[in-house]
Protein chains: 6
Amino acid sequence: MSRLDAYRDSFPNARLTRSKAGVLEVVLHTDGSTLIFNGHTHEQFVDLFHAIGSDPENRVVILTGSGDAFMETINPDGFEFFTPRGYDKIYREGKKVLMNILDIEVLLIAAVNGPVRLHSEYVLLADIVLASPSTVFQDRPHFEFGIVPGDGVHLLWQEVIGSVRGRYFILTRQELDAQTAREWGAVNEIVPADKLLARAREIAEGLAKLPPLTTRYTRIALTQKLRRIIDEGVGYGLALEGISAADVARGNQI
Amino acid sequence: MSRLDAYRDSFPNARLTRSKAGVLEVVLHTDGSTLIFNGHTHEQFVDLFHAIGSDPENRVVILTGSGDAFMETINPDGFEFFTPRGYDKIYREGKKVLMNILDIEVLLIAAVNGPVRLHSEYVLLADIVLASPSTVFQDRPHFEFGIVPGDGVHLLWQEVIGSVRGRYFILTRQELDAQTAREWGAVNEIVPADKLLARAREIAEGLAKLPPLTTRYTRIALTQKLRRIIDEGVGYGLALEGISAADVARGNQI
Amino acid sequence: MSRLDAYRDSFPNARLTRSKAGVLEVVLHTDGSTLIFNGHTHEQFVDLFHAIGSDPENRVVILTGSGDAFMETINPDGFEFFTPRGYDKIYREGKKVLMNILDIEVLLIAAVNGPVRLHSEYVLLADIVLASPSTVFQDRPHFEFGIVPGDGVHLLWQEVIGSVRGRYFILTRQELDAQTAREWGAVNEIVPADKLLARAREIAEGLAKLPPLTTRYTRIALTQKLRRIIDEGVGYGLALEGISAADVARGNQI
Amino acid sequence: MSRLDAYRDSFPNARLTRSKAGVLEVVLHTDGSTLIFNGHTHEQFVDLFHAIGSDPENRVVILTGSGDAFMETINPDGFEFFTPRGYDKIYREGKKVLMNILDIEVLLIAAVNGPVRLHSEYVLLADIVLASPSTVFQDRPHFEFGIVPGDGVHLLWQEVIGSVRGRYFILTRQELDAQTAREWGAVNEIVPADKLLARAREIAEGLAKLPPLTTRYTRIALTQKLRRIIDEGVGYGLALEGISAADVARGNQI
Amino acid sequence: MSRLDAYRDSFPNARLTRSKAGVLEVVLHTDGSTLIFNGHTHEQFVDLFHAIGSDPENRVVILTGSGDAFMETINPDGFEFFTPRGYDKIYREGKKVLMNILDIEVLLIAAVNGPVRLHSEYVLLADIVLASPSTVFQDRPHFEFGIVPGDGVHLLWQEVIGSVRGRYFILTRQELDAQTAREWGAVNEIVPADKLLARAREIAEGLAKLPPLTTRYTRIALTQKLRRIIDEGVGYGLALEGISAADVARGNQI
Amino acid sequence: MSRLDAYRDSFPNARLTRSKAGVLEVVLHTDGSTLIFNGHTHEQFVDLFHAIGSDPENRVVILTGSGDAFMETINPDGFEFFTPRGYDKIYREGKKVLMNILDIEVLLIAAVNGPVRLHSEYVLLADIVLASPSTVFQDRPHFEFGIVPGDGVHLLWQEVIGSVRGRYFILTRQELDAQTAREWGAVNEIVPADKLLARAREIAEGLAKLPPLTTRYTRIALTQKLRRIIDEGVGYGLALEGISAADVARGNQI
């Protein structure tokens with residue numbers, strides 16, 4: 001029995017399968033269709049990425065979505081944004097989830113199967129980003145709700161596409177299509193939707209042929225800077241986001 | 001009476017107006033035409049940006065120039081580059097002016113109305129950069145005078161367009177036209193000159209609709225890294241620039 | 001007698017000549033043809049760059065290769081990768097060589113005359129990168145040997161072409177042609193092979209006309225961040241590479 | 001007329017006098033007696049330290065208190081801790097006041113005339129700390145109000161007396177007498193109360209004999225690390241403090 | 001049923017009890033007596049601290065030992081120091097365990113009941129350190145085995161007792177008695193052995209009276225710097241330690 | 001023939017001997033008596049420490065002085081402080097000498113045989129500091145000449161004895177006797193003058209019994225933070241010192 005058996009069925013919003021060579025596929029979903037993000041998935045993904053990172057039998061990880069989009073809808077269910085105690089849970093999970101992705105010390109491939117309109121920072125923490133032609137990146141919900149985009153998108157987009165581009169992307173809720181994202185360095189390959197997973201598996205199986213310490217330590221060496229960025233900036237960003245949410249809750253908009 | 005009344009007329013080289021929603025326009029100029037940068041404006045801008053940053057009634061700031069260029073001429077008037085005491089004033093103001101721009105804790109939009117051949121780092125500290133088609137970026141005066149370009153351009157161009165591109169830009173006094181600057185991530189939109197301000201206002205008024213804490217804290221979250229870059233590197237860069245100026249003053253060129 | 005006389009003939013794999021204005025040309029080679037990198041050149045280049053950096057008569061440095069490639073073949077001769085003591089020499093030299101390049105406190109121009117399939121990080125530490133049309137960048141030997149690419153390529157490619165692009169480049173052993181490298185910011189100019197050195201000299205002689213403190217201090221100011229990246233990340237990267245090599249030596253591949 | 005004339009009388013809670021040599025004495029007070037800290041002084045001191053730091057005629061600064069204590073009482077007047085907008089003012093001023101102390105780029109001597117039970121971080125930003133025998137350091141109000149001590153005391157006490165000592169000091173509301181503070185490195189000299197100012201002046205006048213650039217640049221060189229500590233940690237600390245205050249306001253104590 | 005029920009009995013070497021107010025006591029032991037550290041406890045403690053940090057019902061944590069010592073004996077059982085794959089487990093757990101201690105985002109009190117001759121860095125990550133008179137700190141096993149002390153002691157002792165003292169402590173295997181440790185800032189209070197836990201509980205129950213967000217965010221604010229120290233230095237230190245162990249394994253001692 | 005033969009006699013102000021076990025003793029002197037520091041030794045020591053650090057046969061290094069003092073007199077001979085070009089040599093060497101000490105990647109013991117009134121930062125970079133009872137630390141020449149103490153003393157004294165103590169030490173030209181230095185953590189042991197070297201040798205020979213990779217990597221792990229402090233702060237400090245020297249040269253003292 002593999003370790004995977006112990007957590008394979010623990011996550012209602014992630015379907016897990018692993019190849020013989022150790023390539024773990026993580027398919028985010030809601031009832032088999034495109035994931036609807038809510039407070040419960042926010043909590044669940046902290047544990048999901050922790051479980052994946054704790055299992056030494058995973059050799060390479062592929063992260064993908066279901067249906068037509070990677071993630072584009074948020075549902076308030078399970079979130080309590082507007083009290084300090086309620087927000088504390090979001091703050092704590094929001095910090096943890098990104099460090100837990102970085103604590104997956106094997107190479108991580110994002111196979112982006114369509115629009116990503118929230119938590120696009122998950123994708124940018126992957127080492128390789130493949131995208132279908134229909135992929136669009138955007139940070140939409142923060143400003144729709146009138147709150148600070150402080151969960152990591154404020155740091156990672158600047159890091160990946162540049163300081164001036166990254167700030168504009170956030171501030172104008174810019175829609176970045178796959179082609180532009182590739183030209184700006186956020187996507188490595190655009191792959192037709194029906195070949196996306198196959199291409200991800202091809203790369204993953206190739207990497208899984210390398211000695212295991214080599215792939216693990218390469219991930220560590222390649223993400224050292226990202227760890228510092230996340231550790232130094234996400235807690236503060238989320239704290240500011242929380243204060244802005246409390247302000248919104250008081251109905252103090254102009 | 002608004003706070004703006006207290007400083008609106010304090011700056012002979014900056015015309016200030018503010019919309020009902022709190023969008024402050026800052027138009028740099030010399031007698032209504034393109035700004036001629038000199039030692040007096042160097043000092044004045046320290047106070048200008050401090051005043052803007054200290055006024056909580058500013059909700060978004062637009063920074064633009066006058067006439068055909070944003071800034072392209074420097075005049076030695078008011079500068080004393082060649083003695084330690086004279087240079088000390090430049091060093092002190094040079095450090096302060098950039099931190100004061102970052103201390104403007106509301107979103108900042110640069111509307112670049114033409115060539116920027118000095119102090120282009122002001123533009124790169126803006127969160128959104130719009131440029132007219134005639135815009136050209138260059139760092140010209142430092143090497144013309146034979147001194148180190150240590151006032152922040154040496155840091156921010158590398159940060160915005162990349163390490164190898166940024167160093168080449170400085171070292172070869174490269175002229176970067178608007179189109180290339182956009183491709184390289186230093187400009188977000190190219191807008192016809194006669195629509196430039198209108199477009200800046202459109203974005204600014206949109207941002208001003210967000211709750212005030214949200215826009216303020218978003219600026220803070222987005223510029224955390226820039227603060228560190230400026231704080232760690234501009235003082236040293238200016239000190240080296242000062243020594244090189246003292247050397248030039250002694251007539252020791254090859 | 002110039003200082004150059006003291007070290008000009010000390011390096012069997014580097015031909016050194018200096019113009020009247022102080023432009024030093026460093027041509028890497030093996031018996032006059034393309035350099036074959038091995039354990040002896042690894043050691044030799046530590047001293048080579050130290051010598052260059054210690055000579056105040058060098059005003060600008062041009063680094064180039066011989067024959068059809070800059071560097072594409074590695075030979076195990078003189079390397080002992082698979083014991084801790086043997087690897088210690090590689091670890092020590094690997095850290096030193098990059099700091100010694102950065103301790104060359106005059107402007108450095110890379111004239112890349114063809115493929116660079118190993119130690120491409122040398123090129124990225126140059127302030128200006130010119131490349132012939134036949135230039136290709138790749139990091140090949142690490143994964144061919146099954147070891148961690150921890151010698152600096154894991155840091156500098158992310159720094160120069162972006163975080164997601166840089167990781168993909170390393171992980172997929174991507175071949176980056178000159179044109180793409182230019183579009184992504186790793187190359188400044190593509191120059192026909194027969195004009196490459198002439199163009200490098202033209203730029204170098206221009207820079208050498210600046211006052212000497214100015215060029216020196218500009219190099220220091222422009223590379224402050226690179227020093228920190230190298231100092232913080234190369235030792236760790238090389239240590240991980242060494243452990244992975246020891247693992248390979250035990251035949252523990254999958 | 002000196003520049004001091006322009007701001008000498010602007011601060012109801014600070015009496016300013018300057019010696020012929022340029023030693024500025026800043027005596028904090030409330031109606032001539034020991035300062036009672038409140039929301040108005042919080043705002044006022046931001047401007048006070050900015051004014052002092054902007055006046056190049058100040059050569060050395062002495063900071064002291066009035067009556068039996070340096071600062072030990074806080075009054076809620078002028079503070080609005082419990083709404084996001086109200087707290088925003090505290091957050092903004094709290095960050096600014098410490099950077100403005102560090103922007104006083106001349107040597108700063110604290111002459112601590114008695115207990116300091118709040119904002120002891122002001123003292124630790126001084127370059128020289130003299131204390132009367134009755135001096136006691138404590139961080140009392142934060143935990144009395146049930147809120148996070150995030151205004152800088154959480155950073156600077158660890159920096160000055162050590163990591164384990166500093167955390168204990170904050171957490172147990174430890175009273176540190178002058179003697180222990182001297183043994184632990186937070187106080188340089190214990191001086192009888194009636195000789196405290198004289199001793200501060202003696203040191204200050206001595207320092208004022210040094211060339212002005214020397215004292216200014218020595219302050220800059222000596223406080224480079226403190227700037228980074230403040231810039232990196234105070235904003236975040238204050239944001240967390242604000243959230244905890246909002247929680248307290250909701251009456252959610254255990 | 002509390003969350004504690006889910007993990008209380010999962011750790012054979014840690015006895016867990018929690019007071020009504022939420023003060024969790026963690027008593028390290030081997031069969032009820034002083035802990036004998038081995039490869040199994042190394043692995044177990046990673047999970048132990050993770051479980052503690054993941055349980056929001058813990059309000060304050062007390063960490064103590066059993067019998068006459070906190071930890072002084074190491075047993076090779078379960079460790080495989082001398083192959084890359086074997087060491088990889090140590091490397092991975094060694095990094096995780098310290099971050100997991102820091103991820104306990106409630107205040108942490110160490111009640112050191114006697115000698116600590118290994119993993120003294122656990123103690124230094126506590127916010128308050130109480131020690132019995134018989135406590136002695138030493139880093140013994142690393143140099144006894146002839147390997148690099150790279151697991152965090154090399155960083156934290158310098159941080160807590162100073163750079164020159166900390167390096168001497170490691171290099172000479174210095175025995176630091178409780179009194180000296182208190183004088184040097186590594187211990188806050190020396191408490192008779194039979195009153196040690198009572199004193200720890202007294203402080204802990206006092207802290208548990210503060211609002212829960214306040215204690216949590218105070219821990220976060222107070223340990224921000226420690227996180228960076230651990231994140232930047234422990235991975236590298238452990239990698240060097242592993243190489244030195246491989247060298248020892250080859251019998252290459254002088 | 002050992003490598004030592006190649007450089008043993010290259011340094012007129014350093015007598016080098018090495019024990020069978022590889023303990024290198026470096027005795028600084030001027031004609032066999034206490035070293036008189038001047039511009040020539042400033043240059044010589046850059047090469048001295050480089051040579052020591054480049055010789056893998058050195059296992060442990062002891063650094064000591066001659067006669068009654070370690071270093072207390074400075075002689076202007078060979079220094080040209082007052083022109084940019086002259087100062088450039090000091091700036092370059094001043095940066096290099098400290099990095100070269102840190103590049104001695106074996107354990108370093110300072111045996112301080114008497115007063116150290118300049119360049120005390122050399123001592124603080126040692127891993128173990130032994131001092132004779134007559135030892136006094138002071139930073140005297142900088143303020144005697146009226147220039148900024150920017151050569152590293154401004155950073156390392158704060159690091160070793162604390163922020164407030166370190167700044168006072170520099171600013172008041174405090175004399176720190178051996179006993180106080182030990183209490184404050186700058187000295188590990190006070191040893192009678194006639195037993196000082198014997199004690200240093202005893203510790204050194206003990207360390208030399210450890211496997212060579214272990215001692216080397218321990219030095220690297222223990223000094224990682226010091227490298228960053230030096231790399232980030234000494235260049236800037238020296239640049240400010242140079243400007244202050246140029247100011248003094250113009251006779252602009254008050």
# chains A, B, ... in the order shown; residues from 1 in each chain; ligands from 1
>>> closest_atom_pairs(of="chain E", to="chain C", cutoff="9 Å", atoms="only C-alpha atoms", output="JSON lines")
{"residue": "E:Thr83", "atom": "CA", "partner": "C:Asp247", "partner_atom": "CA", "distance": 7.6}
{"residue": "E:Pro84", "atom": "CA", "partner": "C:Asp247", "partner_atom": "CA", "distance": 5.5}
{"residue": "E:Arg85", "atom": "CA", "partner": "C:Asp247", "partner_atom": "CA", "distance": 7.1}
{"residue": "E:Glu232", "atom": "CA", "partner": "C:Glu232", "partner_atom": "CA", "distance": 8.4}
{"residue": "E:Gly235", "atom": "CA", "partner": "C:Tyr236", "partner_atom": "CA", "distance": 7.9}
{"residue": "E:Tyr236", "atom": "CA", "partner": "C:Tyr236", "partner_atom": "CA", "distance": 5.1}
{"residue": "E:Gly237", "atom": "CA", "partner": "C:Tyr236", "partner_atom": "CA", "distance": 8.4}
{"residue": "E:Ala239", "atom": "CA", "partner": "C:Ala239", "partner_atom": "CA", "distance": 6.1}
{"residue": "E:Leu240", "atom": "CA", "partner": "C:Ala239", "partner_atom": "CA", "distance": 6.5}
{"residue": "E:Gly242", "atom": "CA", "partner": "C:Ile243", "partner_atom": "CA", "distance": 7.9}
{"residue": "E:Ile243", "atom": "CA", "partner": "C:Pro84", "partner_atom": "CA", "distance": 6.2}
{"residue": "E:Ser244", "atom": "CA", "partner": "C:Pro84", "partner_atom": "CA", "distance": 7.4}
{"residue": "E:Ala246", "atom": "CA", "partner": "C:Pro84", "partner_atom": "CA", "distance": 6.7}
{"residue": "E:Asp247", "atom": "CA", "partner": "C:Pro84", "partner_atom": "CA", "distance": 5.5}
{"residue": "E:Arg250", "atom": "CA", "partner": "C:Thr83", "partner_atom": "CA", "distance": 8.7}
{"residue": "E:Asn252", "atom": "CA", "partner": "C:Arg85", "partner_atom": "CA", "distance": 8.7}
>>> write_last_selection(atoms="N, CA and C atoms", output="PDB file, in the first residue's frame")
ATOM      1  N   THR E  83      24.664   8.012   3.828  1.00  0.00           N
ATOM      2  CA  THR E  83      24.410   7.938   2.385  1.00  0.00           C
ATOM      3  C   THR E  83      23.571   9.149   2.006  1.00  0.00           C
ATOM      4  N   PRO E  84      23.672   9.565   0.769  1.00  0.00           N
ATOM      5  CA  PRO E  84      22.874  10.732   0.359  1.00  0.00           C
ATOM      6  C   PRO E  84      21.378  10.522   0.598  1.00  0.00           C
ATOM      7  N   ARG E  85      20.864   9.363   0.256  1.00  0.00           N
ATOM      8  CA  ARG E  85      19.431   9.117   0.454  1.00  0.00           C
ATOM      9  C   ARG E  85      19.065   9.063   1.933  1.00  0.00           C
ATOM     10  N   GLU E 232      16.699  31.099   5.704  1.00  0.00           N
ATOM     11  CA  GLU E 232      17.871  31.383   4.886  1.00  0.00           C
ATOM     12  C   GLU E 232      19.078  30.510   5.205  1.00  0.00           C
ATOM     13  N   GLY E 235      18.775  25.226   5.730  1.00  0.00           N
ATOM     14  CA  GLY E 235      18.928  24.296   4.612  1.00  0.00           C
ATOM     15  C   GLY E 235      20.390  24.178   4.193  1.00  0.00           C
ATOM     16  N   TYR E 236      21.035  25.320   4.054  1.00  0.00           N
ATOM     17  CA  TYR E 236      22.435  25.323   3.640  1.00  0.00           C
ATOM     18  C   TYR E 236      23.307  24.646   4.703  1.00  0.00           C
ATOM     19  N   GLY E 237      23.073  25.004   5.966  1.00  0.00           N
ATOM     20  CA  GLY E 237      23.850  24.399   7.049  1.00  0.00           C
ATOM     21  C   GLY E 237      23.716  22.884   7.062  1.00  0.00           C
ATOM     22  N   ALA E 239      22.908  20.975   4.537  1.00  0.00           N
ATOM     23  CA  ALA E 239      23.552  20.401   3.352  1.00  0.00           C
ATOM     24  C   ALA E 239      25.050  20.241   3.603  1.00  0.00           C
ATOM     25  N   LEU E 240      25.669  21.261   4.200  1.00  0.00           N
ATOM     26  CA  LEU E 240      27.099  21.158   4.513  1.00  0.00           C
ATOM     27  C   LEU E 240      27.346  20.059   5.547  1.00  0.00           C
ATOM     28  N   GLY E 242      25.645  17.394   5.911  1.00  0.00           N
ATOM     29  CA  GLY E 242      25.515  16.106   5.226  1.00  0.00           C
ATOM     30  C   GLY E 242      26.770  15.737   4.449  1.00  0.00           C
ATOM     31  N   ILE E 243      27.364  16.726   3.783  1.00  0.00           N
ATOM     32  CA  ILE E 243      28.593  16.427   3.042  1.00  0.00           C
ATOM     33  C   ILE E 243      29.698  16.031   4.009  1.00  0.00           C
ATOM     34  N   SER E 244      29.762  16.729   5.146  1.00  0.00           N
ATOM     35  CA  SER E 244      30.809  16.379   6.112  1.00  0.00           C
ATOM     36  C   SER E 244      30.572  14.978   6.670  1.00  0.00           C
ATOM     37  N   ALA E 246      29.198  12.490   5.035  1.00  0.00           N
ATOM     38  CA  ALA E 246      29.620  11.548   3.992  1.00  0.00           C
ATOM     39  C   ALA E 246      31.131  11.398   3.993  1.00  0.00           C
ATOM     40  N   ASP E 247      31.803  12.492   4.261  1.00  0.00           N
ATOM     41  CA  ASP E 247      33.264  12.456   4.303  1.00  0.00           C
ATOM     42  C   ASP E 247      33.731  11.601   5.485  1.00  0.00           C
ATOM     43  N   ARG E 250      33.558   7.983   4.896  1.00  0.00           N
ATOM     44  CA  ARG E 250      34.609   7.397   4.074  1.00  0.00           C
ATOM     45  C   ARG E 250      35.901   7.210   4.852  1.00  0.00           C
ATOM     46  N   ASN E 252      37.850   9.452   6.140  1.00  0.00           N
ATOM     47  CA  ASN E 252      38.908  10.355   5.710  1.00  0.00           C
ATOM     48  C   ASN E 252      39.433  11.284   6.793  1.00  0.00           C
TER      49      ASN E 252
END
>>> select_by_dssp(residues="stretch 57-252 of chain D", states="strand (DSSP E or B)", output="PyMOL selection string")
chain D and resi 60-64+66+69+71+73-74+107-112+116+128-131+136-137+176-177+189-190
>>> residues_around(residues="D:Glu93", least_positions_apart="4", cutoff="10 Å", atoms="only C-alpha atoms", output="count of residues only")
13
>>> residues_around(residues="stretch 66-81 of chain C", least_positions_apart="6", cutoff="7 Å", atoms="only C-alpha atoms", output="ChimeraX atom specification")
/C:27-29,32-40,87,112-118,245
>>> atom_distance(atom1="atom CA of B:Val26", atom2="atom CA of B:Lys195")
16.7 Å
>>> closest_residue(among="F:Gly22, F:Gly65, F:Gly53, F:Pro211", to="F:Leu196", atoms="only C-alpha atoms")
F:Gly65
>>> residues_around(residues="D:Thr17", least_positions_apart="2", cutoff="9 Å", atoms="only C-alpha atoms", output="number ranges by chain")
D: 4, 8, 15, 19, 23-27
>>> atom_distance(atom1="atom CA of E:Leu176", atom2="atom CA of E:Thr135")
8.4 Å
>>> residues_around(residues="A:Ala111", least_positions_apart="5", cutoff="9 Å", atoms="only C-alpha atoms", output="PyMOL selection string")
chain A and resi 62-65+70+123+128-132+196-197+199-200
>>> write_last_selection(atoms="C-alpha atoms", output="short mmCIF file (atom, residue, chain, number, x, y, z; two decimals), in the first residue's frame")
data_model
loop_
_atom_site.label_atom_id
_atom_site.label_comp_id
_atom_site.auth_asym_id
_atom_site.auth_seq_id
_atom_site.Cartn_x
_atom_site.Cartn_y
_atom_site.Cartn_z
CA ILE A 62 0.93 18.17 -12.12
CA LEU A 63 -1.70 20.66 -11.02
CA THR A 64 -4.70 21.20 -13.26
CA GLY A 65 -8.38 22.12 -13.23
CA PHE A 70 -9.01 26.51 -13.92
CA VAL A 123 0.09 28.84 -10.90
CA ILE A 128 6.62 24.98 -15.50
CA VAL A 129 3.40 26.55 -16.76
CA LEU A 130 1.49 25.08 -19.68
CA ALA A 131 -1.73 26.73 -20.78
CA SER A 132 -4.57 26.01 -23.12
CA LEU A 196 -2.58 19.76 -22.49
CA LEU A 197 -2.44 16.95 -19.98
CA ARG A 199 2.12 17.34 -22.77
CA ALA A 200 2.31 17.87 -19.01
#
>>> select_by_dssp(residues="stretch 31-243 of chain B", states="alpha helix (DSSP H)", output="number ranges by chain")
B: 39-54, 84-102, 121-124, 141-145, 153-161, 163-171, 178-183, 196-208, 212-243
>>> write_last_selection(atoms="C-alpha atoms", output="short mmCIF file (atom, residue, chain, number, x, y, z; two decimals), in the first residue's frame")
data_model
loop_
_atom_site.label_atom_id
_atom_site.label_comp_id
_atom_site.auth_asym_id
_atom_site.auth_seq_id
_atom_site.Cartn_x
_atom_site.Cartn_y
_atom_site.Cartn_z
CA GLY B 39 19.15 72.39 -8.54
CA HIS B 40 16.11 74.34 -7.45
CA THR B 41 13.63 71.82 -8.82
CA HIS B 42 15.71 69.03 -7.23
CA GLU B 43 15.09 70.65 -3.87
CA GLN B 44 11.51 71.66 -4.62
CA PHE B 45 10.40 68.17 -5.62
CA VAL B 46 11.47 66.75 -2.27
CA ASP B 47 8.94 69.03 -0.64
CA LEU B 48 6.38 68.61 -3.40
CA PHE B 49 6.14 64.85 -3.04
CA HIS B 50 6.21 65.15 0.74
CA ALA B 51 3.26 67.54 0.66
CA ILE B 52 1.32 65.30 -1.68
CA GLY B 53 2.01 62.24 0.45
CA SER B 54 0.99 64.01 3.64
CA PRO B 84 31.67 67.63 -0.75
CA ARG B 85 29.38 70.18 0.95
CA GLY B 86 27.72 71.14 -2.28
CA TYR B 87 27.22 67.55 -3.25
CA ASP B 88 25.87 66.71 0.19
CA LYS B 89 22.72 68.65 -0.65
CA ILE B 90 22.26 66.63 -3.84
CA TYR B 91 22.90 63.39 -1.99
CA ARG B 92 20.40 64.19 0.71
CA GLU B 93 17.70 65.40 -1.66
CA GLY B 94 18.32 62.57 -4.08
CA LYS B 95 17.65 59.99 -1.40
CA LYS B 96 14.65 61.83 -0.01
CA VAL B 97 12.85 62.50 -3.25
CA LEU B 98 12.48 58.83 -4.13
CA MET B 99 11.36 57.82 -0.64
CA ASN B 100 8.89 60.70 -0.70
CA ILE B 101 7.43 59.40 -3.95
CA LEU B 102 7.04 55.99 -2.33
CA GLU B 121 13.26 56.63 -12.11
CA TYR B 122 10.39 58.91 -11.05
CA VAL B 123 8.28 57.29 -13.76
CA LEU B 124 9.22 53.74 -12.79
CA PRO B 141 23.28 63.58 -18.45
CA HIS B 142 25.26 61.32 -16.13
CA PHE B 143 27.68 60.06 -18.76
CA GLU B 144 27.66 63.39 -20.58
CA PHE B 145 29.03 64.88 -17.39
CA VAL B 153 18.20 54.68 -12.50
CA HIS B 154 20.90 52.09 -11.92
CA LEU B 155 18.49 50.08 -9.77
CA LEU B 156 15.06 50.63 -11.22
CA TRP B 157 15.73 50.00 -14.88
CA GLN B 158 17.20 46.62 -14.04
CA GLU B 159 14.19 45.92 -11.86
CA VAL B 160 11.67 46.88 -14.52
CA ILE B 161 13.16 45.71 -17.83
CA SER B 163 19.19 42.87 -15.41
CA VAL B 164 21.03 42.65 -18.74
CA ARG B 165 18.69 45.04 -20.54
CA GLY B 166 18.79 47.53 -17.71
CA ARG B 167 22.55 47.69 -17.53
CA TYR B 168 22.87 48.09 -21.31
CA PHE B 169 20.26 50.86 -21.27
CA ILE B 170 22.33 52.84 -18.77
CA LEU B 171 25.75 52.10 -20.19
CA ALA B 178 7.59 54.04 -26.43
CA GLN B 179 6.92 50.87 -28.38
CA THR B 180 10.04 49.09 -27.15
CA ALA B 181 9.45 50.33 -23.62
CA ARG B 182 6.00 48.78 -23.78
CA GLU B 183 7.38 45.50 -25.10
CA LEU B 196 -3.15 60.87 -22.71
CA LEU B 197 -4.49 62.86 -19.80
CA ALA B 198 -8.04 61.78 -20.48
CA ARG B 199 -7.00 58.15 -20.31
CA ALA B 200 -5.05 58.74 -17.11
CA ARG B 201 -8.08 60.44 -15.59
CA GLU B 202 -10.34 57.61 -16.65
CA ILE B 203 -8.18 55.05 -14.86
CA ALA B 204 -7.70 57.32 -11.88
CA GLU B 205 -11.37 58.07 -11.43
CA GLY B 206 -12.09 54.35 -11.59
CA LEU B 207 -9.55 53.63 -8.88
CA ALA B 208 -10.90 56.48 -6.78
CA PRO B 212 -9.89 54.66 0.38
CA LEU B 213 -8.16 52.17 2.67
CA THR B 214 -8.17 49.67 -0.16
CA THR B 215 -6.34 51.89 -2.60
CA ARG B 216 -3.90 53.09 0.05
CA TYR B 217 -3.04 49.64 1.33
CA THR B 218 -2.81 48.25 -2.18
CA ARG B 219 -0.18 50.86 -2.98
CA ILE B 220 1.69 49.90 0.19
CA ALA B 221 1.50 46.19 -0.57
CA LEU B 222 2.55 46.67 -4.20
CA THR B 223 5.57 48.86 -3.45
CA GLN B 224 7.08 47.07 -0.47
CA LYS B 225 9.89 45.70 -2.63
CA LEU B 226 10.57 49.04 -4.29
CA ARG B 227 11.03 50.65 -0.88
CA ARG B 228 13.71 48.15 -0.03
CA ILE B 229 15.48 48.58 -3.37
CA ILE B 230 15.55 52.34 -2.93
CA ASP B 231 16.53 52.24 0.72
CA GLU B 232 19.34 49.78 0.15
CA GLY B 233 20.82 51.12 -3.05
CA VAL B 234 20.24 54.80 -3.67
CA GLY B 235 22.36 56.21 -0.85
CA TYR B 236 25.34 54.15 -1.91
CA GLY B 237 24.81 54.92 -5.58
CA LEU B 238 24.66 58.64 -4.90
CA ALA B 239 27.77 58.50 -2.72
CA LEU B 240 29.69 56.86 -5.59
CA GLU B 241 28.24 59.43 -7.99
CA GLY B 242 29.49 62.19 -5.73
CA ILE B 243 33.01 60.83 -5.61
#
